[in-house]
$ cat final.cif   # mmCIF, C-alpha atoms and all ligand atoms
data_final
#
loop_
_atom_site.label_atom_id
_atom_site.label_comp_id
_atom_site.auth_asym_id
_atom_site.auth_seq_id
_atom_site.Cartn_x
_atom_site.Cartn_y
_atom_site.Cartn_z
CA MET N 29 26.30 13.72 9.33
CA ILE N 30 23.12 14.48 11.34
CA PRO N 31 22.05 11.34 13.30
CA TRP N 32 18.56 9.88 12.95
CA GLU N 33 16.33 10.93 15.86
CA LEU N 34 13.74 8.49 17.22
CA LEU N 35 10.35 10.29 17.26
CA ASP N 36 8.03 7.49 18.37
CA SER N 37 7.52 3.74 18.49
CA ALA N 38 4.50 1.41 18.51
CA GLN N 39 3.72 -2.29 18.77
CA VAL N 40 2.35 -4.02 15.68
CA PRO N 41 -1.03 -5.54 16.72
CA GLU N 42 -0.98 -9.34 17.11
CA SER N 43 2.79 -9.42 16.61
CA GLY N 44 5.72 -8.99 18.98
CA GLU N 45 7.33 -6.51 16.61
CA GLU N 46 7.93 -2.82 17.10
CA LEU N 47 7.50 -0.09 14.50
CA ARG N 48 9.73 2.97 14.95
CA LEU N 49 9.53 6.42 13.37
CA TYR N 50 12.81 8.31 12.86
CA GLN N 51 13.59 11.80 11.54
CA ARG N 52 16.80 13.31 10.13
CA GLY N 53 16.39 16.88 8.92
CA GLY N 54 13.45 16.76 6.49
CA ASP N 55 13.70 12.97 5.98
CA PHE N 56 11.66 10.32 7.78
CA SER N 57 12.14 6.58 8.10
CA ILE N 58 9.80 3.87 9.41
CA ARG N 59 11.62 0.75 10.65
CA VAL N 60 10.49 -2.63 11.93
CA ASP N 61 12.87 -4.19 14.42
CA GLY N 62 15.78 -2.25 12.87
CA ARG N 63 14.90 -3.01 9.19
CA GLU N 64 13.73 -0.09 7.08
CA LEU N 65 10.15 -0.50 5.85
CA MET N 66 10.00 2.88 4.17
CA ASN N 67 11.95 6.13 3.70
CA SER N 68 10.45 9.47 2.67
CA ARG N 69 13.27 10.06 0.15
CA THR N 70 12.06 7.19 -2.03
CA HIS N 71 8.40 7.07 -2.99
CA GLY N 72 8.14 7.06 -6.79
CA SER N 73 6.94 3.46 -6.97
CA GLU N 74 4.41 4.00 -4.14
CA GLY N 75 2.84 6.76 -6.26
CA ALA N 76 3.03 4.62 -9.40
CA LEU N 77 1.04 1.88 -7.63
CA ALA N 78 -1.97 4.21 -7.41
CA GLU N 79 -1.43 5.93 -10.73
CA LEU N 80 -1.24 2.70 -12.77
CA ALA N 81 -4.39 1.28 -11.17
CA CYS N 82 -6.51 4.40 -10.87
CA VAL N 83 -5.99 5.58 -14.44
CA ARG N 84 -7.89 2.42 -15.44
CA ILE N 85 -10.94 3.06 -13.26
CA ALA N 86 -11.09 6.86 -12.68
CA HIS N 87 -13.62 7.39 -15.49
CA ARG N 88 -16.25 5.20 -13.80
CA PRO N 89 -19.09 6.80 -11.83
CA CYS N 90 -18.22 7.09 -8.13
CA PRO N 91 -15.10 4.90 -8.25
CA ARG N 92 -14.15 3.26 -4.91
CA VAL N 93 -10.56 2.36 -4.06
CA LEU N 94 -9.25 0.32 -1.13
CA ILE N 95 -5.62 0.94 -0.08
CA GLY N 96 -3.69 -1.25 2.37
CA GLY N 97 -1.61 0.16 4.14
CA LEU N 98 -1.05 3.85 4.74
CA GLY N 99 2.76 4.07 5.27
CA MET N 100 3.64 7.73 4.63
CA GLY N 101 0.54 8.46 2.54
CA TYR N 102 2.12 8.65 -0.92
CA THR N 103 -0.09 5.97 -2.52
CA THR N 104 -3.18 7.58 -0.99
CA ALA N 105 -2.20 11.04 -2.28
CA ALA N 106 -1.55 9.68 -5.79
CA ALA N 107 -4.96 7.93 -5.84
CA LEU N 108 -6.69 11.17 -4.80
CA HIS N 109 -4.80 13.07 -7.49
CA ARG N 110 -6.05 10.68 -10.19
CA LEU N 111 -9.68 10.30 -8.97
CA GLY N 112 -12.37 12.94 -9.51
CA ALA N 113 -14.57 14.65 -6.94
CA ASP N 114 -16.94 11.65 -6.80
CA GLY N 115 -14.15 9.15 -5.99
CA GLN N 116 -13.85 7.44 -2.60
CA VAL N 117 -10.70 6.07 -0.99
CA VAL N 118 -10.76 3.67 1.96
CA VAL N 119 -7.35 3.35 3.62
CA ALA N 120 -6.79 0.31 5.84
CA GLU N 121 -3.87 0.65 8.27
CA LEU N 122 -2.97 -2.08 10.75
CA VAL N 123 -0.99 0.08 13.18
CA PRO N 124 -3.00 2.96 14.73
CA ALA N 125 0.22 4.89 15.48
CA VAL N 126 0.93 5.11 11.73
CA VAL N 127 -2.38 6.94 11.29
CA ALA N 128 -1.44 9.30 14.15
CA TRP N 129 1.99 9.93 12.57
CA ASN N 130 0.24 10.78 9.27
CA ARG N 131 -1.92 13.32 11.09
CA GLY N 132 1.21 14.65 12.88
CA PRO N 133 4.89 14.73 11.82
CA LEU N 134 4.37 12.96 8.46
CA ALA N 135 1.29 14.95 7.39
CA ASP N 136 3.02 17.33 4.97
CA LEU N 137 5.12 14.70 3.16
CA ALA N 138 2.33 13.73 0.76
CA GLY N 139 0.23 16.92 1.12
CA ARG N 140 -2.08 15.91 4.01
CA PRO N 141 -4.16 13.32 2.10
CA LEU N 142 -6.04 12.23 5.25
CA GLN N 143 -7.68 15.66 5.38
CA ASP N 144 -9.34 15.04 2.00
CA ALA N 145 -13.10 14.52 2.41
CA ARG N 146 -12.96 11.59 -0.07
CA VAL N 147 -10.83 9.54 2.36
CA THR N 148 -12.04 7.15 5.07
CA VAL N 149 -9.38 5.65 7.34
CA ARG N 150 -9.95 2.25 8.93
CA GLU N 151 -7.52 1.14 11.61
CA ALA N 152 -7.74 -2.50 10.63
CA ASP N 153 -6.04 -5.39 8.86
CA VAL N 154 -6.83 -5.01 5.16
CA ALA N 155 -7.35 -8.78 5.06
CA ARG N 156 -10.41 -8.43 7.31
CA ILE N 157 -11.90 -5.80 4.98
CA LEU N 158 -11.33 -7.98 1.92
CA GLN N 159 -13.01 -10.91 3.68
CA ALA N 160 -16.04 -8.83 4.65
CA GLU N 161 -16.87 -7.05 1.37
CA GLN N 162 -17.90 -8.39 -2.03
CA ARG N 163 -17.99 -6.45 -5.31
CA ALA N 164 -17.31 -3.28 -3.32
CA TYR N 165 -14.23 -1.74 -4.99
CA ASP N 166 -13.09 -0.69 -8.46
CA ALA N 167 -9.47 -1.01 -7.36
CA VAL N 168 -7.60 -2.62 -4.47
CA LEU N 169 -4.03 -1.40 -3.93
CA LEU N 170 -1.78 -3.52 -1.72
CA ASP N 171 1.49 -2.23 -0.28
CA VAL N 172 1.59 -3.74 3.18
CA ASP N 173 5.07 -5.22 3.10
CA ASN N 174 8.09 -5.82 0.88
CA GLY N 175 5.94 -7.89 -1.47
CA PRO N 176 4.91 -11.55 -1.68
CA ALA N 177 8.42 -12.63 -0.60
CA GLY N 178 10.45 -11.34 2.34
CA LEU N 179 7.49 -10.49 4.51
CA THR N 180 8.01 -8.35 7.59
CA TRP N 181 4.82 -9.71 9.18
CA LYS N 182 4.07 -13.42 8.91
CA GLY N 183 0.40 -12.46 9.30
CA ASN N 184 0.47 -11.00 5.77
CA ASP N 185 1.21 -14.41 4.20
CA TRP N 186 -2.51 -14.99 3.78
CA LEU N 187 -2.97 -11.87 1.63
CA TYR N 188 -0.47 -13.03 -1.00
CA ALA N 189 -1.56 -16.70 -0.99
CA GLY N 190 -4.50 -18.20 -2.88
CA ALA N 191 -7.11 -17.48 -0.20
CA GLY N 192 -6.16 -13.80 0.06
CA LEU N 193 -6.14 -13.37 -3.71
CA ASP N 194 -9.55 -15.08 -3.94
CA ALA N 195 -10.85 -12.58 -1.36
CA ALA N 196 -9.37 -9.65 -3.33
CA TYR N 197 -10.99 -10.99 -6.51
CA ALA N 198 -14.37 -11.23 -4.75
CA ALA N 199 -14.01 -7.70 -3.29
CA LEU N 200 -13.59 -6.19 -6.76
CA ARG N 201 -16.34 -5.06 -9.10
CA ALA N 202 -16.37 -6.26 -12.74
CA ALA N 203 -13.13 -5.30 -14.52
CA GLY N 204 -11.77 -4.04 -11.21
CA VAL N 205 -8.02 -3.85 -10.68
CA LEU N 206 -5.90 -5.43 -7.96
CA ALA N 207 -2.50 -3.69 -7.89
CA VAL N 208 0.28 -5.18 -5.77
CA TRP N 209 3.65 -3.52 -4.95
CA SER N 210 6.80 -5.60 -4.54
CA ALA N 211 10.48 -4.88 -3.95
CA SER N 212 11.42 -7.77 -6.26
CA PRO N 213 10.06 -10.02 -9.05
CA ASP N 214 8.21 -13.21 -8.06
CA ARG N 215 7.17 -15.56 -10.87
CA ALA N 216 5.26 -17.89 -8.56
CA PHE N 217 3.13 -14.98 -7.34
CA ALA N 218 2.27 -13.89 -10.89
CA LYS N 219 1.17 -17.47 -11.63
CA ARG N 220 -1.00 -17.50 -8.49
CA LEU N 221 -2.74 -14.33 -9.68
CA CYS N 222 -3.50 -16.00 -13.02
CA ARG N 223 -4.82 -19.15 -11.33
CA VAL N 224 -7.32 -17.05 -9.35
CA GLY N 225 -8.72 -15.79 -12.68
CA PHE N 226 -7.04 -12.39 -13.04
CA GLU N 227 -5.58 -11.10 -16.30
CA VAL N 228 -2.11 -10.05 -15.19
CA THR N 229 0.37 -7.39 -16.34
CA GLU N 230 3.74 -6.97 -14.62
CA VAL N 231 5.23 -3.47 -14.65
CA CYS N 232 8.77 -2.50 -13.59
CA VAL N 233 8.87 0.95 -11.96
CA ARG N 234 11.72 3.03 -10.53
CA ALA N 235 11.94 3.77 -6.83
CA ARG N 236 12.51 7.50 -7.47
CA GLY N 237 10.16 7.78 -10.45
CA PRO N 238 11.73 9.77 -13.32
CA ARG N 239 14.90 10.26 -11.21
CA GLY N 240 15.63 6.51 -11.43
CA GLY N 241 16.66 4.52 -8.39
CA GLY N 242 16.04 0.85 -7.65
CA ARG N 243 13.62 -1.27 -9.67
CA HIS N 244 10.36 -2.33 -8.08
CA ILE N 245 7.52 -4.47 -9.43
CA ILE N 246 3.82 -3.70 -9.66
CA TRP N 247 1.37 -6.38 -10.74
CA LEU N 248 -1.88 -5.13 -12.26
CA ALA N 249 -4.42 -7.92 -12.03
CA VAL N 250 -7.82 -7.30 -13.66
CA ARG N 251 -10.96 -9.16 -12.62
CA MET N 252 -12.38 -10.45 -15.88
CA SER N 253 -16.11 -10.72 -15.06
C1 LIG Y 1 5.51 0.02 3.00
S1 LIG Y 1 4.30 0.81 3.96
C2 LIG Y 1 3.16 1.43 2.75
C3 LIG Y 1 3.68 2.62 2.04
C4 LIG Y 1 2.60 3.37 1.29
N1 LIG Y 1 2.32 2.74 0.01
C5 LIG Y 1 2.96 4.83 1.07
O1 LIG Y 1 2.66 5.36 0.00
O2 LIG Y 1 3.54 5.47 1.94
C6 LIG Y 1 3.36 -0.55 4.60
C7 LIG Y 1 2.22 -0.12 5.52
O3 LIG Y 1 1.29 -1.19 5.62
C8 LIG Y 1 0.89 -1.32 6.98
N2 LIG Y 1 0.39 -2.71 7.10
C9 LIG Y 1 1.12 -3.85 7.22
N3 LIG Y 1 0.32 -4.93 7.20
C10 LIG Y 1 -0.95 -4.46 7.06
C11 LIG Y 1 -2.22 -5.09 6.98
N4 LIG Y 1 -2.34 -6.42 7.00
N5 LIG Y 1 -3.32 -4.32 6.86
C12 LIG Y 1 -3.22 -2.95 6.81
N6 LIG Y 1 -2.02 -2.30 6.90
C13 LIG Y 1 -0.91 -3.05 7.02
C14 LIG Y 1 2.13 -0.96 7.76
O4 LIG Y 1 1.85 -0.61 9.10
C15 LIG Y 1 2.67 0.21 6.95
O5 LIG Y 1 2.07 1.41 7.34
#

$ encode --input "final.cif" --output "structure tokens" --more "lines below"
Ligand SMILES: C[S@@+](CC[C@H](N)C(=O)[O-])C[C@H]1O[C@@H](n2cnc3c(N)ncnc32)[C@H](O)[C@@H]1O
Amino acid sequence: MIPWELLDSAQVPESGEELRLYQRGGDFSIRVDGRELMNSRTHGSEGALAELACVRIAHRPCPRVLIGGLGMGYTTAAALHRLGADGQVVVAELVPAVVAWNRGPLADLAGRPLQDARVTVREADVARILQAEQRAYDAVLLDVDNGPAGLTWKGNDWLYAGAGLDAAYAALRAAGVLAVWSASPDRAFAKRLCRVGFEVTEVCVRARGPRGGGRHIIWLAVRMS
């Protein structure tokens, strides 16, 4: 068995934690303090997050999509695939090193989405962008952690709580879609989405897409007015 090789590491801003990038042959893994956040072998549900949301808004003129965070770029690539030439994708990534890795060793995994002229990268907490912009996006795609439960970064609590969901609602245009990825079901979170005013659909997707794998959850929450 080939051992994993450590390629690089970086501190998570405003947190004591360390993000590490590993490679084994053609596979890559991003880990936080020893726990795997993401592996390049499994990205079907990351693509589904973008596909399920963007299919609902791609027909609009100049659709704008906000993605938090970048990871290995699979959600970003899937959004670009679904949107037309007039689409715009803003990617918010908290850890600047992740952006550098996506321009370096990870670039080819998802087909170099950061080189697409429709993409703007912001090295920032997606929460700050949601707080600053109103009625700015047709879709907001959130995959910043394992989901509403089991957070890697305590700082992401806010995003999945009432205040964060209110901000996401306000950042969306009429009939805009908030799509949230999760490793596991969470009934309380679905209820919170409804309380904010979203119309909510819960979709079970497979980690490896048509090849099966674990079951992940995507909530599609539509702003009603
Ligand atoms: C599980 S990965 C995302 C995987 C991504 N969907 C893909 O297709 O590869 C989570 C990413 O979110 C970033 N992140 C975590 N908290 C964030 C935040 N508050 N704002 C922006 N990015 C964040 C992490 O650094 C990491 O790159």

$ residues_around --input "final.cif" --residues "range 206-218 of chain N" --least-positions-apart "4" --cutoff "6 Å" --atoms "all atoms listed in the file" --output "list in words"
Ala167, Val168, Leu169, Leu170, Asp171, Asn174, Gly175, His244, Ile245, Ile246, Trp247, Leu248 and Ala249 of chain N

$ write_last_selection --input "final.cif" --atoms "C-alpha atoms" --output "PDB file, in the coordinates of the input"
ATOM      1  CA  ALA N 167      -9.470  -1.010  -7.360  1.00  0.00           C
ATOM      2  CA  VAL N 168      -7.600  -2.620  -4.470  1.00  0.00           C
ATOM      3  CA  LEU N 169      -4.030  -1.400  -3.930  1.00  0.00           C
ATOM      4  CA  LEU N 170      -1.780  -3.520  -1.720  1.00  0.00           C
ATOM      5  CA  ASP N 171       1.490  -2.230  -0.280  1.00  0.00           C
ATOM      6  CA  ASN N 174       8.090  -5.820   0.880  1.00  0.00           C
ATOM      7  CA  GLY N 175       5.940  -7.890  -1.470  1.00  0.00           C
ATOM      8  CA  HIS N 244      10.360  -2.330  -8.080  1.00  0.00           C
ATOM      9  CA  ILE N 245       7.520  -4.470  -9.430  1.00  0.00           C
ATOM     10  CA  ILE N 246       3.820  -3.700  -9.660  1.00  0.00           C
ATOM     11  CA  TRP N 247       1.370  -6.380 -10.740  1.00  0.00           C
ATOM     12  CA  LEU N 248      -1.880  -5.130 -12.260  1.00  0.00           C
ATOM     13  CA  ALA N 249      -4.420  -7.920 -12.030  1.00  0.00           C
TER      14      ALA N 249
END

$ residues_near_ligand --input "final.cif" --ligand "ligand LIG 1 (chain Y)" --cutoff "6 Å" --atoms "all atoms listed in the file" --output "short mmCIF file (atom, residue, chain, number, x, y, z; two decimals) with C-alpha atoms, in the coordinates of the input"
data_model
loop_
_atom_site.label_atom_id
_atom_site.label_comp_id
_atom_site.auth_asym_id
_atom_site.auth_seq_id
_atom_site.Cartn_x
_atom_site.Cartn_y
_atom_site.Cartn_z
CA LEU N 65 10.15 -0.50 5.85
CA MET N 66 10.00 2.88 4.17
CA GLU N 74 4.41 4.00 -4.14
CA GLY N 96 -3.69 -1.25 2.37
CA GLY N 97 -1.61 0.16 4.14
CA LEU N 98 -1.05 3.85 4.74
CA GLY N 99 2.76 4.07 5.27
CA MET N 100 3.64 7.73 4.63
CA GLY N 101 0.54 8.46 2.54
CA TYR N 102 2.12 8.65 -0.92
CA THR N 103 -0.09 5.97 -2.52
CA ALA N 120 -6.79 0.31 5.84
CA GLU N 121 -3.87 0.65 8.27
CA LEU N 122 -2.97 -2.08 10.75
CA VAL N 123 -0.99 0.08 13.18
CA VAL N 126 0.93 5.11 11.73
CA ALA N 152 -7.74 -2.50 10.63
CA ASP N 153 -6.04 -5.39 8.86
CA VAL N 154 -6.83 -5.01 5.16
CA ALA N 155 -7.35 -8.78 5.06
CA ASP N 171 1.49 -2.23 -0.28
CA VAL N 172 1.59 -3.74 3.18
CA ASP N 173 5.07 -5.22 3.10
CA ASN N 184 0.47 -11.00 5.77
#

$ atom_distance --input "final.cif" --atom1 "CA of Arg201 in chain N" --atom2 "CA of Asp166 in chain N"
5.5 Å

$ closest_residue --input "final.cif" --among "N:Val127, N:Val231, N:Leu111, N:Ala160" --to "Pro91 in chain N" --atoms "all atoms listed in the file"
N:Leu111

$ closest_residue --input "final.cif" --among "N:Ala203, N:Val250, N:Ala86, N:Leu134" --to "Phe226 in chain N" --atoms "all atoms listed in the file"
N:Val250

$ closest_residue --input "final.cif" --among "N:Gly225, N:Gly44, N:Arg156, N:Gln51" --to "Trp32 in chain N" --atoms "only C-alpha atoms"
N:Gln51

$ atom_distance --input "final.cif" --atom1 "CA of Val205 in chain N" --atom2 "CA of Ile85 in chain N"
7.9 Å

$ atom_distance --input "final.cif" --atom1 "CA of Phe56 in chain N" --atom2 "CA of Arg131 in chain N"
14.3 Å

$ closest_residue --input "final.cif" --among "N:Ala106, N:Leu35, N:Val118, N:Ile58" --to "Leu77 in chain N" --atoms "only C-alpha atoms"
N:Ala106

$ residues_near_point --input "final.cif" --point "(-8.9, 13.3, -1.0)" --cutoff "10 Å" --atoms "only C-alpha atoms" --output "PyMOL selection string"
chain N and resi 104-113+115-117+140-148

$ closest_residue --input "final.cif" --among "N:Leu187, N:Ala138, N:Leu34, N:Ala199" --to "Arg69 in chain N" --atoms "all atoms listed in the file"
N:Ala138

$ closest_residue --input "final.cif" --among "N:Ala189, N:Leu137, N:Leu200, N:Asn130" --to "Ile157 in chain N" --atoms "only C-alpha atoms"
N:Leu200

$ axis_aligned_box --input "final.cif" --around "range 160-172 of chain N" --padding-each-side "3 Å" --output "JSON"
{"center_x": -8.2, "center_y": -4.8, "center_z": -1.9, "size_x": 25.6, "size_y": 14.1, "size_z": 19.1}

$ residues_around --input "final.cif" --residues "Ala198 in chain N" --least-positions-apart "2" --cutoff "9 Å" --atoms "all atoms listed in the file" --output "JSON, numbers by chain"
{"N": [158, 159, 161, 162, 163, 164, 193, 194, 195, 196, 200, 201, 251]}

$ residues_around --input "final.cif" --residues "range 46-49 of chain N" --least-positions-apart "3" --cutoff "7 Å" --atoms "only C-alpha atoms" --output "ChimeraX atom specification"
/N:34-40,57-61
